[in-house]
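Student: This structure is in structure tokens; I'll ask about it shortly.
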Amino acid sequence: MASINLENVQKAFGKVVAVDQLNLEIKEGEFFTFLGPSGCGKTTTLRMIAGFYYPSKGVVRFGEKDMTRVPPEKRNTGMVFQNYALFPHMTVFENVAFGLKVRKVASSEIKKRVKDVLGKVRLEKYSDRQVSQLSGGQQQRVALARALVIEPEILLLDEPLSNLDAKLRDEMRTEILRLQSDYHITTIYVTHDQAEALSMSDRIAVFNFGVCHQVGTPLEIYNEPANDFVASFIGEINFIPMKIENTGEKTIEISILDGTKKLHVNHTSFNYRKPNDNEDVILSIRPESIKLSSQRMEGMNTLEGKIELIQFFGSMIEVLVNVNGLMLRVNMLNSNNFSNLQNRTNVWLNLPEDRIRIIPKISGEMK
Ligand SMILES: Nc1ncnc2c1ncn2[C@@H]1O[C@H](COP(=O)(O)OP(=O)(O)OP(=O)(O)O)[C@@H](O)[C@H]1O
């Protein structure tokens, strides 16, 4: 097992800077996820850790060891690729044994280790089957077994579930977490699927355009996003353009809707960071944090609006409310009494001040 440290890492392909000024510390035994949209630099970063690319600038360390220019076969990392990259004409046993043969491990030892790892991924019975005769999920297990059998210090998984259907993805998610906790191996998982990242990871790094915007636990990233890109990429969110009016010792007054409405927030709404002068900031609140009532509500942070749309999703109901032209999305659990809600009726919304986050606005375009 090893920790991984990236210091000021940059990777350029000609004029394209795929990854820039990246500083990351991945702890021993951690399940760490690189999350971001297509082309944001996740795979490039993973490949620099595997040794398939060398950084243009910066240092990669495993523990204290400088690995920046060490070739892949000397890194002791196991990698699972998006397309599995198995040898289709070989059997399951031969695929899994391949890395051990290359490392000149004795054949009795190979037999034992392959048998053990096939047991772990629940494929013992398929040892002699040709890989091309297996289902997608089974092939994924072979790819995992092949990465694990060499007993790597670090496991690298590049969108390993993207070729599987939704049900199998769920199953394999659990399987990967089970294996990771059995082996207690430092793992980096690349995905563009925020649900996968939130449900599996100890910590997540969120990337966009080659830049890492935030590193944190799933809860931190969801509840205290660093900016509007992170907030909108992970989960659903309402953005409200705003202006700071008065900053008091405990309460900050904010105006919205061209100054016609005032809201109050406290200092923790700023993720413990005061915005710089002239910094463009925006108010954000998750749809499940807004309280909705068909009865008139008075008091602080209460807004009156009209229902535009109600959508039923089984366990949850999503209500779109028009507040003087500002569309706010509210999510309610099915267990709440919503049967009296109807399109084009008036409702009252409460935005609890401790659920409001004021964050830097870095994207030109909002979701
Ligand atoms: N070998 C290469 N040569 C030139 N440009 C590259 C190369 N590899 C990646 N890039 C560019 O670097 C940027 C980051 O690519 P990368 O594959 O790391 O993104 P990603 O986040 O993994 O995307 P995806 O989820 O689509 O795999 C992209 O603009 C891509 O076009």
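Within each chain, counting starts at residue 1; across the structure tokens, chains are named A, B, ... in the order shown, with ligands numbered 1 upward in that order.
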Please list as JSON, numbers by chain every residue within 10 Å of Thr345 (chain A), counting only C-alpha atoms and excluding residues in the same chain fewer than 3 positions away.
Tutor: {"A": [294, 305, 306, 307, 308, 321, 340, 341, 342]}
Student: Those same residues, written as a compact mmCIF listing (two decimals), in the first residue's frame with C-alpha atoms?
Tutor:
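As a result, result.txt now contains:
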```txt
# COMPACT_ATOMS: atom_id res chain seq x y z
CA SER A 294 -49.61 25.54 0.36
CA GLY A 305 -44.61 31.77 -5.86
CA LYS A 306 -46.78 29.84 -8.26
CA ILE A 307 -46.43 26.16 -9.15
CA GLU A 308 -45.41 25.71 -12.78
CA VAL A 321 -42.07 27.16 -8.54
CA ASN A 340 -53.30 19.18 -2.48
CA LEU A 341 -50.58 20.70 -4.68
CA GLN A 342 -51.73 21.70 -8.13
```
Student: Name all residues at most 12 Å from Asn278 (chain A) (count only C-alpha atoms; drop same-chain ones fewer than 2 positions away) and give them as a PyMOL selection string.
Tutor: chain A and resi 243-244+274-276+280-281+360-361
Student: Got a sec to check which residues lie within 6 Å of ligand 1, using only C-alpha atoms and all ligand atoms, and send them as a list in words?
Tutor: Phe13, Ala18, Ser38, Gly39, Cys40, Gly41, Lys42, Thr43 and Thr44 of chain A
Student: Produce a file of the selected residues containing C-alpha atoms, as an mmCIF file, in the first residue's frame.
Tutor:
```cif
data_model
loop_
_atom_site.group_PDB
_atom_site.id
_atom_site.type_symbol
_atom_site.label_atom_id
_atom_site.label_comp_id
_atom_site.auth_asym_id
_atom_site.auth_seq_id
_atom_site.Cartn_x
_atom_site.Cartn_y
_atom_site.Cartn_z
ATOM 1 C CA PHE A 13 0.017 17.609 -25.440
ATOM 2 C CA ALA A 18 -4.751 18.556 -20.345
ATOM 3 C CA SER A 38 -15.536 14.379 -20.547
ATOM 4 C CA GLY A 39 -12.148 15.837 -21.498
ATOM 5 C CA CYS A 40 -11.441 17.425 -18.091
ATOM 6 C CA GLY A 41 -8.145 15.585 -17.549
ATOM 7 C CA LYS A 42 -9.139 12.636 -15.326
ATOM 8 C CA THR A 43 -7.645 9.892 -17.501
ATOM 9 C CA THR A 44 -4.503 11.901 -18.208
#
```
Student: For the strand (DSSP E or B) assignment from backbone DSSP, which residues of region 73-200 of chain A qualify? Please present them as a PyMOL selection string.
Tutor: chain A and resi 77-80+91+130+154-158+186-191
Student: Suppose we keep C-alpha atoms; can you now write the selection as a PDB file, in the first residue's frame?
Tutor:
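Once written, again.pdb looks like this:
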```pdb
ATOM      1  CA  THR A  77       0.128  -0.490  -9.892  1.00  0.00           C
ATOM      2  CA  GLY A  78      -2.816  -2.552 -11.173  1.00  0.00           C
ATOM      3  CA  MET A  79      -5.035  -0.912 -13.748  1.00  0.00           C
ATOM      4  CA  VAL A  80      -8.535  -1.688 -15.032  1.00  0.00           C
ATOM      5  CA  THR A  91      -9.114 -18.376 -20.963  1.00  0.00           C
ATOM      6  CA  GLN A 130     -12.696 -18.307 -22.924  1.00  0.00           C
ATOM      7  CA  ILE A 154      -2.195   0.958  -5.936  1.00  0.00           C
ATOM      8  CA  LEU A 155      -5.330   0.057  -7.900  1.00  0.00           C
ATOM      9  CA  LEU A 156      -6.301   2.369 -10.772  1.00  0.00           C
ATOM     10  CA  LEU A 157      -9.806   2.066 -12.231  1.00  0.00           C
ATOM     11  CA  ASP A 158     -10.646   4.075 -15.361  1.00  0.00           C
ATOM     12  CA  THR A 186      -5.104   2.563  -2.191  1.00  0.00           C
ATOM     13  CA  THR A 187      -7.578   2.988  -5.056  1.00  0.00           C
ATOM     14  CA  ILE A 188      -8.171   5.720  -7.609  1.00  0.00           C
ATOM     15  CA  TYR A 189     -11.455   5.565  -9.454  1.00  0.00           C
ATOM     16  CA  VAL A 190     -12.170   7.691 -12.537  1.00  0.00           C
ATOM     17  CA  THR A 191     -15.775   8.522 -13.400  1.00  0.00           C
TER      18      THR A 191
END
```
Student: Extract, using only C-alpha atoms, all DNA, RNA and protein residues at most 10 Å from region 101-117 of chain A, discarding same-chain residues fewer than 6 positions from it, and format them as a PDB file with C-alpha atoms, in the first residue's frame.
Tutor:
```pdb
ATOM      1  CA  GLU A  73       6.137  -1.990 -15.186  1.00  0.00           C
ATOM      2  CA  VAL A  92      -9.990 -16.597 -17.732  1.00  0.00           C
ATOM      3  CA  PHE A  93      -7.076 -18.362 -16.013  1.00  0.00           C
ATOM      4  CA  GLU A  94      -4.597 -17.335 -18.724  1.00  0.00           C
ATOM      5  CA  ASN A  95      -5.764 -13.710 -18.652  1.00  0.00           C
ATOM      6  CA  LEU A 123     -15.349 -16.632 -10.860  1.00  0.00           C
ATOM      7  CA  GLU A 124     -13.735 -19.907  -9.677  1.00  0.00           C
ATOM      8  CA  LYS A 125     -16.028 -21.945 -11.896  1.00  0.00           C
ATOM      9  CA  SER A 127     -11.369 -20.530 -14.879  1.00  0.00           C
ATOM     10  CA  VAL A 142     -11.719 -10.853 -14.855  1.00  0.00           C
ATOM     11  CA  LEU A 144     -10.378  -6.721 -11.684  1.00  0.00           C
ATOM     12  CA  ALA A 145      -8.847 -10.117 -10.875  1.00  0.00           C
ATOM     13  CA  ARG A 146      -6.034  -9.486 -13.365  1.00  0.00           C
ATOM     14  CA  ALA A 147      -5.253  -6.136 -11.728  1.00  0.00           C
ATOM     15  CA  LEU A 148      -5.408  -7.541  -8.182  1.00  0.00           C
ATOM     16  CA  VAL A 149      -3.464 -10.779  -8.700  1.00  0.00           C
ATOM     17  CA  ILE A 150      -0.122  -8.978  -8.932  1.00  0.00           C
ATOM     18  CA  GLU A 151      -0.804  -7.619  -5.422  1.00  0.00           C
TER      19      GLU A 151
END
```
Student: Might you pull out every residue within 10 Å of Ile356 (chain A), with only C-alpha atoms counted and same-chain residues fewer than 6 positions away left off, and present them as an NGL selection string?
Tutor: :A and (223-224 or 264-266 or 268-270 or 283-286 or 289-290)
Student: Rank nothing, just name the residue among A:Thr33, A:Asn238, A:Asn83, A:Asn23 nearest to Leu161 (chain A), using only C-alpha atoms.
Tutor: A:Asn83
Student: Could you tell me which of A:Gln194, A:Thr68, A:Ser56, A:Ser199 comes closest to Leu6 (chain A) if we count only C-alpha atoms?
Tutor: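 Using only C-alpha atoms, Leu6 (chain A) sits closest to A:Thr68.
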Student: Find the residue from A:Arg122, A:Leu168, A:Val9, A:Glu153 that sits nearest to Arg141 (chain A); use only C-alpha atoms when measuring.
Tutor: A:Arg122
Student: Would you mind listing what lies within 9 Å of Gln214 (chain A) as a PyMOL selection string, with only C-alpha atoms counted and same-chain residues fewer than 6 positions away left out?
Tutor: chain A and resi 204-207+221+225-227+230
Student: Could you please take those selected residues and save N, CA and C atoms as a PDB file, in the first residue's frame?
Tutor:
```
ATOM      1  N   ILE A 204     -13.212  12.848  -2.973  1.00  0.00           N
ATOM      2  CA  ILE A 204     -13.400  13.093  -4.408  1.00  0.00           C
ATOM      3  C   ILE A 204     -12.594  14.328  -4.803  1.00  0.00           C
ATOM      4  N   ALA A 205     -11.980  14.288  -6.006  1.00  0.00           N
ATOM      5  CA  ALA A 205     -11.412  15.511  -6.600  1.00  0.00           C
ATOM      6  C   ALA A 205     -12.269  15.845  -7.810  1.00  0.00           C
ATOM      7  N   VAL A 206     -12.791  17.071  -7.861  1.00  0.00           N
ATOM      8  CA  VAL A 206     -13.665  17.467  -8.977  1.00  0.00           C
ATOM      9  C   VAL A 206     -12.854  18.289  -9.976  1.00  0.00           C
ATOM     10  N   PHE A 207     -12.821  17.806 -11.236  1.00  0.00           N
ATOM     11  CA  PHE A 207     -12.029  18.443 -12.296  1.00  0.00           C
ATOM     12  C   PHE A 207     -12.933  19.134 -13.316  1.00  0.00           C
ATOM     13  N   ILE A 221     -18.271  17.971  -0.439  1.00  0.00           N
ATOM     14  CA  ILE A 221     -18.447  18.437  -1.812  1.00  0.00           C
ATOM     15  C   ILE A 221     -19.923  18.768  -2.079  1.00  0.00           C
ATOM     16  N   PRO A 225     -20.008  23.120  -1.676  1.00  0.00           N
ATOM     17  CA  PRO A 225     -19.279  23.183  -2.942  1.00  0.00           C
ATOM     18  C   PRO A 225     -18.418  24.447  -3.026  1.00  0.00           C
ATOM     19  N   ALA A 226     -17.249  24.320  -3.654  1.00  0.00           N
ATOM     20  CA  ALA A 226     -16.297  25.429  -3.695  1.00  0.00           C
ATOM     21  C   ALA A 226     -16.747  26.536  -4.637  1.00  0.00           C
ATOM     22  N   ASN A 227     -17.509  26.191  -5.656  1.00  0.00           N
ATOM     23  CA  ASN A 227     -17.972  27.208  -6.609  1.00  0.00           C
ATOM     24  C   ASN A 227     -19.180  26.666  -7.380  1.00  0.00           C
ATOM     25  N   VAL A 230     -18.771  23.187  -9.328  1.00  0.00           N
ATOM     26  CA  VAL A 230     -18.859  21.989  -8.474  1.00  0.00           C
ATOM     27  C   VAL A 230     -20.311  21.783  -8.025  1.00  0.00           C
TER      28      VAL A 230
END
```
Student: When DSSP works through the backbone of this structure, what residues of region 155-210 of chain A end up as helix (DSSP H, G or I), shown as a ChimeraX atom specification?
Tutor: /A:166-183,194-200
Student: Determine, counting only C-alpha atoms, which protein, DNA and RNA residues have an atom within 7 Å of an atom of Lys11 (chain A); residues of the same chain fewer than 5 positions away are not included. Present the result as a list in words.
Tutor: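 The residues satisfying every condition are Val17, Ala18, Val19, Asp20, Pro55, Ser56 and Lys57 of chain A.
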Student: Considering only C-alpha atoms, state which residue in the set A:Gly58, A:Pro160, A:Gly299, A:Pro352 is at the smallest distance from Phe81 (chain A).
Tutor: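 Looking only at the distances to Phe81 (chain A), the closest residue turns out to be A:Pro160.
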Student: Fewer than 6 positions away in the same chain doesn't count, so skip those; otherwise give me all residues within 9 Å of Tyr222 (chain A), counting only C-alpha atoms, as an MDAnalysis selection string.
Tutor: chainID A and resid 198 230:231 234:235
Student: Between CA of Ala143 (chain A) and CA of Leu86 (chain A), what distance in Å does the model show, to one decimal?
Tutor: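 Here the two named atoms are 6.8 Å from each other.
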Student: Separation of CA of Glu236 (chain A) and CA of Gln21 (chain A), in Å?
Tutor: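 Separation of CA of Glu236 (chain A) and CA of Gln21 (chain A): 28.6 Å.
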Student: What is the CA of Leu134 (chain A) to CA of Leu35 (chain A) distance in Å?
Tutor: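 About the pair CA of Leu134 (chain A) and CA of Leu35 (chain A): they are 29.3 Å apart.
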